[in-house]
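Notes to accompany the following structure.
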Amino acid sequence: MKKKVLVVDDEEGIRLFYKEELKEEGMDVHAAASGEEALEKLEADKYDLVILDIKLPGIDGIEVLRQIKEKWKTLPVILCTAYHHYKQDFGTWASDAYIVKSSDMKELKDVVKTILNRRN
Amino acid sequence: MGYETLEKVIELTDSSEALKKRLDSVADVLSHAFSFDQCAIYLYDEDKKIFNLCSLAGDEGGVVVTTYQEREGLPHHALAMDKPVIANMSDADRVVWRGIEDRGMTGFATAAVYPVKDDTSNYGVLYLKNRHRKVLSKRRRKLLDIIALQLSMTIKTQYCISNLTAANAQMRDMQARLIHAEKLVALGEMAATLAHEIKNPLLSIGGFAKRLSRQFNEDAPARLYVDMIAKESIRVEKLLDTILSFSVNKGFELNEEDINNVVNDALAFFEGEFRRVKIKVDRELKPDITPVRVDREQLKLAFSNFFANSMQAMGNGGILTLRTYSDDRWVFVEVTDTGGGIEPDIIRNIFNPFFTTKEDGTGLGLSIAHAIVTNHNGIIEVVNDLGKGVSFIIKLPAALKG
């Protein structure tokens with residue numbers, strides 16, 4: 001069974017880019033453009049991993065992370081943001097990994113694989 | 001003689017001339033008015049604990065002492081007694097008066113030494129000498145009392161003005177730095193927002209260019225174009241990362257730190273890279289160094305930027321010397337490379353944002369390092385040895401004890 005991944009980012013380009021890249025790794029990739037949409041999708045379906053941006057319109061990534069960890073305790077979340085310094089701030093520690101966005105997908109892919117393998 | 005002399009002294013001490021010039025004129029007037037062979041004014045230097053000769057009038061052929069130690073001779077005695085000393089020697093060859101030795105008395109028979117002081121401070125002495133024995137009338141002694149008082153007020157006023165001027169300059173300097181820091185914060189916030197807004201679309205551009213590149217044969221012209229798009233967007237991405245990593249929104253978290261640890265932490269990132277490009281690191285870090293109050297992460301970023309700069313300067317290998325030491329006020333970190341130094345015509349630009357001599361440089365490294373050090377009330381000095389290398393001396397205020 002393919003692993004089901006949810007990409008949450010308000011940038012259309014990034015949603016498509018991550019989707020294409022991760023599909024090549026054999027994953028079933030879905031996307032949400034806002035925190036609200038992400039939570040709706042998580043309620044409706046079961047996922048193996050969430051890749052979550054922090055700066056989102058409406059409820060932000062940190063709040064989405066909090067709600068995920070409350071409702072779906074074991075669902076892993078990778079925070080993926082343009083900022084470096086959030087790593088020390090705001091409760092991002094609750095996530096399973098913190099990655100600074102880059103057009104080089106190697107780091108993200110490695111972390112995604114490690115986390116999904118851990119779940120097996 | 002009497003009121004006229006006093007009037008003249010007051011007129012001279014009140015003038016707008018420099019203090020030394022005013023005291024010179026007073027010494028001149030006094031040596032004549034009281035017909036003493038020599039009239040000297042000594043000023044007390046509180047830091048060095050000595051009396052320095054400031055003004056001298058009259059017989060310059062005789063013995064002149066330019067510096068008295070704090071506890072030496074008649075000046076010390078007059079100040080300690082808090083009253084004038086009138087010393088008459090039994091003969092002019094003697095230099096000891098009532099057990100007090102004064103090398104200035106050689107060849108003189110009478111000395112009148114007046115303390116110049118007020119309740120809080122010693123400013124110096126007024127020192128009159130005569131080769132032949134001389135008797136000072138009560139009236140003349142009273143007059144010298146008043147003149148010494150006038151001198152103490154003059155010197156005190158001058159010191160107050162100097163202190164005030166210095167305090168004022170310091171305040172202006174601090175204000176300028178504050179305005180600069182505020183500007184930097186505003187600029188930093190704007191830059192961070194802008195960088196974030198640019199980075200997201202840029203990632204799509206770079207990411208898709210890479211994906212597209214994989215669909216062309218290696219010799220297809222389109223592959224070259226697409227690779228160029230990918231390469232250039234990585235360059236901009238790097239620039240934006242530098243701006244974003246220097247986030248000013250975070251605020252400072254100041255803690256007492258051992259600067260050696262911060263230097264070593266920053267260095268740890270570079271060790272592999274230094275080995276690869278054959279840079280040897282010499283560490284002369286002073287153990288148990290005075291602590292500093294700094295934001296560790298920010299300082300690490302600053303040192304990293306210095307190291308990166310040194311590494312780029314030493315493309316063909318070299319020696320990076322890191323030295324730490326301290327004095328009462330500052331903790332010093334010296335970063336010295338053997339990269340040939342900086343051309344003199346560009347040296348004043350090295351801390352300017354976006355100034356770079358490197359093809360792939362962002363021009364932000366040293367300007368960020370400079371901003372961080374300045375925000376810690378530190379100072380960076382650049383010692384440029386053209387042909388050899390450059391030393392950055394980073395001075396950070398020593399943490400106050402207790």
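Chain identifiers are assigned as A, B, and so on, following the order in which chains appear in the structure tokens; residues are numbered from 1 within each chain, and ligands are numbered from 1 in order of appearance.
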Can you tell me, as an mmCIF file with N, CA and C atoms, in the first residue's frame, what residues are no more than 8 Å from stretch 145-160 of chain B when counting only C-alpha atoms, ignoring any on the same chain fewer than 2 positions away?
data_model
loop_
_atom_site.group_PDB
_atom_site.id
_atom_site.type_symbol
_atom_site.label_atom_id
_atom_site.label_comp_id
_atom_site.auth_asym_id
_atom_site.auth_seq_id
_atom_site.Cartn_x
_atom_site.Cartn_y
_atom_site.Cartn_z
ATOM 1 N N LEU B 6 45.332 90.416 42.588
ATOM 2 C CA LEU B 6 44.157 89.541 42.679
ATOM 3 C C LEU B 6 43.231 89.755 41.480
ATOM 4 N N VAL B 9 44.735 88.190 38.434
ATOM 5 C CA VAL B 9 44.635 86.721 38.454
ATOM 6 C C VAL B 9 43.205 86.286 38.100
ATOM 7 N N ILE B 10 42.226 86.983 38.692
ATOM 8 C CA ILE B 10 40.830 86.619 38.407
ATOM 9 C C ILE B 10 40.517 86.838 36.930
ATOM 10 N N THR B 13 42.242 83.990 34.975
ATOM 11 C CA THR B 13 41.634 82.651 35.134
ATOM 12 C C THR B 13 40.242 82.595 34.512
ATOM 13 N N ASP B 14 39.601 83.743 34.388
ATOM 14 C CA ASP B 14 38.247 83.767 33.814
ATOM 15 C C ASP B 14 38.235 83.799 32.291
ATOM 16 N N LEU B 19 43.101 75.925 29.500
ATOM 17 C CA LEU B 19 43.502 75.950 30.917
ATOM 18 C C LEU B 19 45.007 76.185 31.079
ATOM 19 N N PRO B 84 49.087 75.880 53.642
ATOM 20 C CA PRO B 84 50.312 76.247 52.945
ATOM 21 C C PRO B 84 51.537 75.883 53.769
ATOM 22 N N TYR B 114 51.419 76.142 48.151
ATOM 23 C CA TYR B 114 50.006 76.291 48.490
ATOM 24 C C TYR B 114 49.184 75.159 47.891
ATOM 25 N N PRO B 115 48.427 74.450 48.718
ATOM 26 C CA PRO B 115 47.573 73.401 48.140
ATOM 27 C C PRO B 115 46.466 74.015 47.284
ATOM 28 N N VAL B 116 46.225 73.385 46.143
ATOM 29 C CA VAL B 116 45.102 73.805 45.291
ATOM 30 C C VAL B 116 44.099 72.664 45.344
ATOM 31 N N LYS B 117 43.035 72.844 46.129
ATOM 32 C CA LYS B 117 42.105 71.738 46.366
ATOM 33 C C LYS B 117 40.763 72.272 46.847
ATOM 34 N N ASP B 118 39.772 71.405 46.875
ATOM 35 C CA ASP B 118 38.536 71.748 47.572
ATOM 36 C C ASP B 118 38.159 70.571 48.472
ATOM 37 N N TYR B 123 43.643 69.212 43.346
ATOM 38 C CA TYR B 123 43.899 69.564 41.937
ATOM 39 C C TYR B 123 45.381 69.755 41.665
ATOM 40 N N LEU B 126 50.419 75.228 44.094
ATOM 41 C CA LEU B 126 51.088 76.423 43.606
ATOM 42 C C LEU B 126 52.423 76.461 44.352
ATOM 43 N N ARG B 141 50.651 86.435 52.499
ATOM 44 C CA ARG B 141 50.250 85.026 52.634
ATOM 45 C C ARG B 141 48.743 84.885 52.452
ATOM 46 N N LYS B 142 48.008 85.828 52.979
ATOM 47 C CA LYS B 142 46.548 85.816 52.860
ATOM 48 C C LYS B 142 46.152 85.923 51.377
ATOM 49 N N LEU B 143 46.872 86.802 50.694
ATOM 50 C CA LEU B 143 46.601 87.010 49.268
ATOM 51 C C LEU B 143 46.835 85.713 48.471
ATOM 52 N N SER B 162 35.107 69.645 30.885
ATOM 53 C CA SER B 162 35.662 68.532 30.097
ATOM 54 C C SER B 162 34.815 67.281 30.268
ATOM 55 N N ASN B 163 34.453 66.995 31.544
ATOM 56 C CA ASN B 163 33.630 65.802 31.792
ATOM 57 C C ASN B 163 32.297 65.892 31.084
ATOM 58 N N LEU B 164 31.719 67.073 31.129
ATOM 59 C CA LEU B 164 30.415 67.289 30.510
ATOM 60 C C LEU B 164 30.505 67.108 28.993
#
Task: Interface, chain A side, toward chain B (8 Å; only C-alpha atoms) as number ranges by chain - done: A: 11, 13-14, 17, 82-85, 101-104
Could you save the residues just selected, with N, CA and C atoms, as a short mmCIF file (atom, residue, chain, number, x, y, z; two decimals), in the first residue's frame?
data_model
loop_
_atom_site.label_atom_id
_atom_site.label_comp_id
_atom_site.auth_asym_id
_atom_site.auth_seq_id
_atom_site.Cartn_x
_atom_site.Cartn_y
_atom_site.Cartn_z
N GLU A 11 1.21 28.08 -1.15
CA GLU A 11 1.79 28.39 -2.46
C GLU A 11 1.46 27.26 -3.43
N GLY A 13 2.59 26.70 -6.38
CA GLY A 13 3.81 26.14 -7.00
C GLY A 13 4.45 25.09 -6.12
N ILE A 14 4.53 25.39 -4.83
CA ILE A 14 5.19 24.45 -3.93
C ILE A 14 4.36 23.18 -3.74
N PHE A 17 5.00 21.16 -6.79
CA PHE A 17 6.39 20.68 -6.81
C PHE A 17 6.59 19.50 -5.86
N ALA A 82 10.23 28.58 5.31
CA ALA A 82 11.35 29.36 4.79
C ALA A 82 12.23 29.90 5.92
N TYR A 83 11.67 29.96 7.13
CA TYR A 83 12.43 30.55 8.25
C TYR A 83 13.29 29.53 8.98
N HIS A 84 14.47 29.97 9.38
CA HIS A 84 15.36 29.10 10.14
C HIS A 84 15.04 29.16 11.64
N HIS A 85 14.69 30.36 12.08
CA HIS A 85 14.74 30.60 13.53
C HIS A 85 13.52 30.09 14.29
N LYS A 101 12.82 25.15 3.86
CA LYS A 101 12.46 24.92 2.46
C LYS A 101 13.63 25.15 1.53
N SER A 102 13.74 24.28 0.54
CA SER A 102 14.81 24.44 -0.44
C SER A 102 14.36 23.80 -1.75
N SER A 103 14.92 24.29 -2.85
CA SER A 103 14.56 23.66 -4.12
C SER A 103 15.27 22.31 -4.25
N ASP A 104 16.27 22.10 -3.37
CA ASP A 104 16.92 20.80 -3.32
C ASP A 104 16.10 19.91 -2.38
#
Task: Residue contacts of B:Glu273 (12 Å, only C-alpha atoms) excluding same-chain residues fewer than 2 positions away, as an MDAnalysis selection string - done: chainID B and resid 267:271 275:281 307:308 311:312 315 317
Task: All helix (DSSP H, G or I) residues (DSSP, backbone) inside chain A, as a PyMOL selection string - done: chain A and resi 12-24+35-44+61-71+85-88+92-94+106-119
Task: Atomic distance atom CA of B:Thr120 - atom CA of B:Trp97, expressed in Å with one decimal - done: 28.2 Å
Task: Every residue of stretch 2-193 of chain B that DSSP places in strand (DSSP E or B), as a ChimeraX atom specification - done: /B:38-45,50-58,67-69,85-88,96-97,100-101,110-117,122-130
- [ ] Please provide as a VMD selection string all residues within 8 Å of A:Val8, with the sequence filter that same-chain residues fewer than 5 positions apart are discarded (counting only C-alpha atoms).
- [x] chain A and resid 15 31 to 35 38 50 to 53
Take the residues that were just selected and, keeping C-alpha atoms, output them as a PDB file, in the first residue's frame.
ATOM      1  CA  ARG A  15       2.162  22.171  -3.542  1.00  0.00           C
ATOM      2  CA  ALA A  31      -2.466  18.795  -0.850  1.00  0.00           C
ATOM      3  CA  ALA A  32      -4.246  21.472   1.165  1.00  0.00           C
ATOM      4  CA  ALA A  33      -3.889  25.250   0.676  1.00  0.00           C
ATOM      5  CA  SER A  34      -4.817  26.313   4.216  1.00  0.00           C
ATOM      6  CA  GLY A  35      -4.863  25.095   7.802  1.00  0.00           C
ATOM      7  CA  ALA A  38      -5.829  20.469   6.045  1.00  0.00           C
ATOM      8  CA  VAL A  50       1.801  15.635   7.062  1.00  0.00           C
ATOM      9  CA  ILE A  51       4.243  18.137   5.555  1.00  0.00           C
ATOM     10  CA  LEU A  52       3.211  21.469   7.036  1.00  0.00           C
ATOM     11  CA  ASP A  53       4.139  25.072   6.266  1.00  0.00           C
TER      12      ASP A  53
END
With a distance cut-off of 10 Å and only C-alpha atoms, select the neighbouring residues of stretch 53-58 of chain B, excluding the residue or stretch itself and same-chain residues fewer than 2 positions from it, and output the selection as a short mmCIF file (atom, residue, chain, number, x, y, z; two decimals) with N, CA and C atoms, in the first residue's frame.
data_model
loop_
_atom_site.label_atom_id
_atom_site.label_comp_id
_atom_site.auth_asym_id
_atom_site.auth_seq_id
_atom_site.Cartn_x
_atom_site.Cartn_y
_atom_site.Cartn_z
N LEU B 19 43.10 75.92 29.50
CA LEU B 19 43.50 75.95 30.92
C LEU B 19 45.01 76.18 31.08
N LYS B 20 45.80 75.49 30.30
CA LYS B 20 47.26 75.61 30.45
C LYS B 20 47.71 77.05 30.19
N LYS B 21 47.13 77.65 29.16
CA LYS B 21 47.54 79.01 28.80
C LYS B 21 47.18 79.98 29.93
N ARG B 22 46.01 79.76 30.54
CA ARG B 22 45.57 80.64 31.63
C ARG B 22 46.50 80.49 32.82
N LEU B 23 46.87 79.21 33.13
CA LEU B 23 47.74 78.99 34.29
C LEU B 23 49.15 79.53 34.02
N ASP B 24 49.61 79.44 32.77
CA ASP B 24 50.90 80.01 32.40
C ASP B 24 50.92 81.51 32.73
N SER B 25 49.86 82.20 32.34
CA SER B 25 49.79 83.65 32.57
C SER B 25 49.77 83.95 34.07
N VAL B 26 49.02 83.14 34.83
CA VAL B 26 48.94 83.36 36.27
C VAL B 26 50.32 83.18 36.90
N ALA B 27 51.04 82.13 36.52
CA ALA B 27 52.37 81.87 37.07
C ALA B 27 53.29 83.05 36.79
N ASP B 28 53.16 83.57 35.59
CA ASP B 28 53.98 84.71 35.18
C ASP B 28 53.69 85.94 36.07
N VAL B 29 52.40 86.22 36.24
CA VAL B 29 52.00 87.37 37.06
C VAL B 29 52.49 87.20 38.50
N LEU B 30 52.33 85.98 39.04
CA LEU B 30 52.69 85.77 40.45
C LEU B 30 54.19 85.88 40.69
N SER B 31 55.00 85.33 39.77
CA SER B 31 56.45 85.39 40.00
C SER B 31 56.91 86.84 40.06
N HIS B 32 56.27 87.70 39.25
CA HIS B 32 56.63 89.12 39.29
C HIS B 32 56.07 89.81 40.52
N SER B 35 57.75 88.79 43.61
CA SER B 35 59.20 88.71 43.34
C SER B 35 59.83 87.42 43.89
N PHE B 36 59.34 86.30 43.36
CA PHE B 36 59.96 85.00 43.62
C PHE B 36 60.76 84.62 42.38
N ASP B 37 61.87 83.88 42.58
CA ASP B 37 62.70 83.50 41.44
C ASP B 37 61.98 82.51 40.52
N GLN B 38 61.17 81.67 41.13
CA GLN B 38 60.47 80.66 40.33
C GLN B 38 59.03 80.54 40.83
N CYS B 39 58.10 80.45 39.88
CA CYS B 39 56.70 80.18 40.27
C CYS B 39 56.19 79.05 39.39
N ALA B 40 55.77 77.94 40.03
CA ALA B 40 55.31 76.79 39.25
C ALA B 40 53.91 76.39 39.70
N ILE B 41 53.14 75.86 38.74
CA ILE B 41 51.83 75.28 39.09
C ILE B 41 51.86 73.81 38.67
N TYR B 42 51.63 72.93 39.62
CA TYR B 42 51.58 71.49 39.34
C TYR B 42 50.12 71.02 39.36
N LEU B 43 49.78 70.13 38.42
CA LEU B 43 48.43 69.55 38.43
C LEU B 43 48.52 68.07 38.81
N TYR B 44 47.57 67.65 39.61
CA TYR B 44 47.56 66.27 40.08
C TYR B 44 46.87 65.38 39.04
N ILE B 50 50.36 61.15 40.16
CA ILE B 50 51.57 61.99 40.16
C ILE B 50 51.16 63.46 40.00
N PHE B 51 52.12 64.35 40.34
CA PHE B 51 51.92 65.78 40.07
C PHE B 51 52.75 66.14 38.85
N GLU B 60 64.42 80.01 34.98
CA GLU B 60 64.37 78.67 34.38
C GLU B 60 65.71 77.96 34.49
N GLY B 61 66.73 78.70 34.91
CA GLY B 61 68.06 78.11 35.06
C GLY B 61 68.14 77.20 36.28
N GLY B 62 67.31 77.49 37.28
CA GLY B 62 67.36 76.71 38.52
C GLY B 62 66.76 75.33 38.35
N VAL B 64 64.31 72.45 38.21
CA VAL B 64 62.85 72.36 37.99
C VAL B 64 62.46 70.89 38.03
N VAL B 65 61.56 70.55 38.92
CA VAL B 65 61.06 69.17 38.97
C VAL B 65 59.84 69.10 38.08
N THR B 66 59.84 68.19 37.09
CA THR B 66 58.68 68.13 36.18
C THR B 66 57.59 67.21 36.72
N THR B 67 58.00 66.22 37.53
CA THR B 67 57.00 65.30 38.07
C THR B 67 57.30 64.96 39.53
N TYR B 68 56.33 65.13 40.39
CA TYR B 68 56.44 64.66 41.77
C TYR B 68 55.55 63.43 41.93
N GLY B 124 46.16 70.10 42.74
CA GLY B 124 47.59 70.31 42.53
C GLY B 124 48.14 71.27 43.56
N VAL B 125 49.26 71.91 43.22
CA VAL B 125 49.83 72.91 44.14
C VAL B 125 50.37 74.11 43.36
N LEU B 126 50.42 75.23 44.09
CA LEU B 126 51.09 76.42 43.61
C LEU B 126 52.42 76.46 44.35
N TYR B 127 53.54 76.53 43.61
CA TYR B 127 54.85 76.33 44.21
C TYR B 127 55.74 77.51 43.86
N LEU B 128 56.06 78.34 44.90
CA LEU B 128 56.94 79.51 44.68
C LEU B 128 58.27 79.26 45.37
N LYS B 129 59.39 79.61 44.69
CA LYS B 129 60.71 79.37 45.27
C LYS B 129 61.59 80.60 45.10
#
- [ ] Measuring atom to atom with only C-alpha atoms, identify which of B:Gly107, B:Pro287, B:Pro221, B:Gly188 is nearest to B:Asp59.
- [x] B:Gly107
Open item on the list: With only C-alpha atoms as the counted atoms, please give the residues lying no more than 9 Å from A:Lys109, apart from itself and same-chain residues fewer than 4 positions off, as a list in words.
Closed with: Glu21, Leu22, Glu25, Met105, Lys113 and Thr114 of chain A
Can I get the selected residues back with C-alpha atoms, as a compact mmCIF listing (two decimals), in the first residue's frame?
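Result file follows (part-v6.txt):
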# COMPACT_ATOMS: atom_id res chain seq x y z
CA GLU A 21 8.62 14.96 -6.37
CA LEU A 22 7.07 12.73 -3.71
CA GLU A 25 9.11 8.27 -4.55
CA MET A 105 14.51 18.09 -2.18
CA LYS A 113 11.59 8.21 4.15
CA THR A 114 13.12 7.89 7.61
Open item on the list: So, with only C-alpha atoms as the atoms that count, which of B:Val85, B:Ala109, B:Ile394, B:Val135 lies closest to B:Thr374?
Closed with: B:Ile394
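The shortest atom-to-atom distance to B:Ser391, with only C-alpha atoms taken into account, belongs to B:Arg323 out of B:His376, B:Arg323, B:Arg94, B:Arg214.
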- [ ] Have a look at atom CA of B:Gly365 and atom CA of B:Leu254 and let me know their distance in Å, one decimal.
- [x]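 Atom CA of B:Leu254 lies 22.0 Å from atom CA of B:Gly365.
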TODO: Determine, counting only C-alpha atoms, which protein, DNA and RNA residues have an atom within 8 Å of an atom of B:Met89; residues of the same chain fewer than 6 positions away are not included. Present the result as a list in words.
DONE: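 Listed by chain and then number, they are Val95, Val96, Trp97, Phe108, Ala109, Thr110 and Arg133 of chain B.
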Output the selection as a PDB file, in the first residue's frame - N, CA and C atoms for each residue.
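Writing done, so here's out07.pdb:
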ATOM      1  N   VAL B  95      68.303  70.054  51.006  1.00  0.00           N
ATOM      2  CA  VAL B  95      67.039  69.741  50.323  1.00  0.00           C
ATOM      3  C   VAL B  95      66.056  69.101  51.300  1.00  0.00           C
ATOM      4  N   VAL B  96      66.422  69.029  52.580  1.00  0.00           N
ATOM      5  CA  VAL B  96      65.511  68.413  53.552  1.00  0.00           C
ATOM      6  C   VAL B  96      65.030  69.479  54.527  1.00  0.00           C
ATOM      7  N   TRP B  97      63.693  69.585  54.620  1.00  0.00           N
ATOM      8  CA  TRP B  97      63.101  70.554  55.536  1.00  0.00           C
ATOM      9  C   TRP B  97      62.201  69.805  56.508  1.00  0.00           C
ATOM     10  N   PHE B 108      67.828  76.532  46.415  1.00  0.00           N
ATOM     11  CA  PHE B 108      66.826  77.516  46.853  1.00  0.00           C
ATOM     12  C   PHE B 108      66.770  77.578  48.382  1.00  0.00           C
ATOM     13  N   ALA B 109      66.470  78.757  48.890  1.00  0.00           N
ATOM     14  CA  ALA B 109      66.462  78.927  50.344  1.00  0.00           C
ATOM     15  C   ALA B 109      65.045  78.963  50.910  1.00  0.00           C
ATOM     16  N   THR B 110      64.085  79.521  50.132  1.00  0.00           N
ATOM     17  CA  THR B 110      62.714  79.625  50.635  1.00  0.00           C
ATOM     18  C   THR B 110      61.722  79.058  49.620  1.00  0.00           C
ATOM     19  N   ARG B 133      66.834  83.707  51.084  1.00  0.00           N
ATOM     20  CA  ARG B 133      65.818  83.595  52.120  1.00  0.00           C
ATOM     21  C   ARG B 133      64.852  84.772  52.016  1.00  0.00           C
TER      22      ARG B 133
END
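Counting only C-alpha atoms and comparing B:Ala80, B:Val63, B:Glu4, B:Ala18, the residue that lies closest to B:Arg131 is B:Val63.
Minimum distance to B:Ser310 across B:Ile342, B:Ile289, B:Ala398, B:Leu194 (counting only C-alpha atoms) occurs at B:Ile342.
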TODO: May I ask for the distance between atom CA of A:Lys106 and atom CA of A:Leu16, given in Å to one decimal place?
DONE: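 Interatomic distance, atom CA of A:Lys106 to atom CA of A:Leu16: 16.7 Å.
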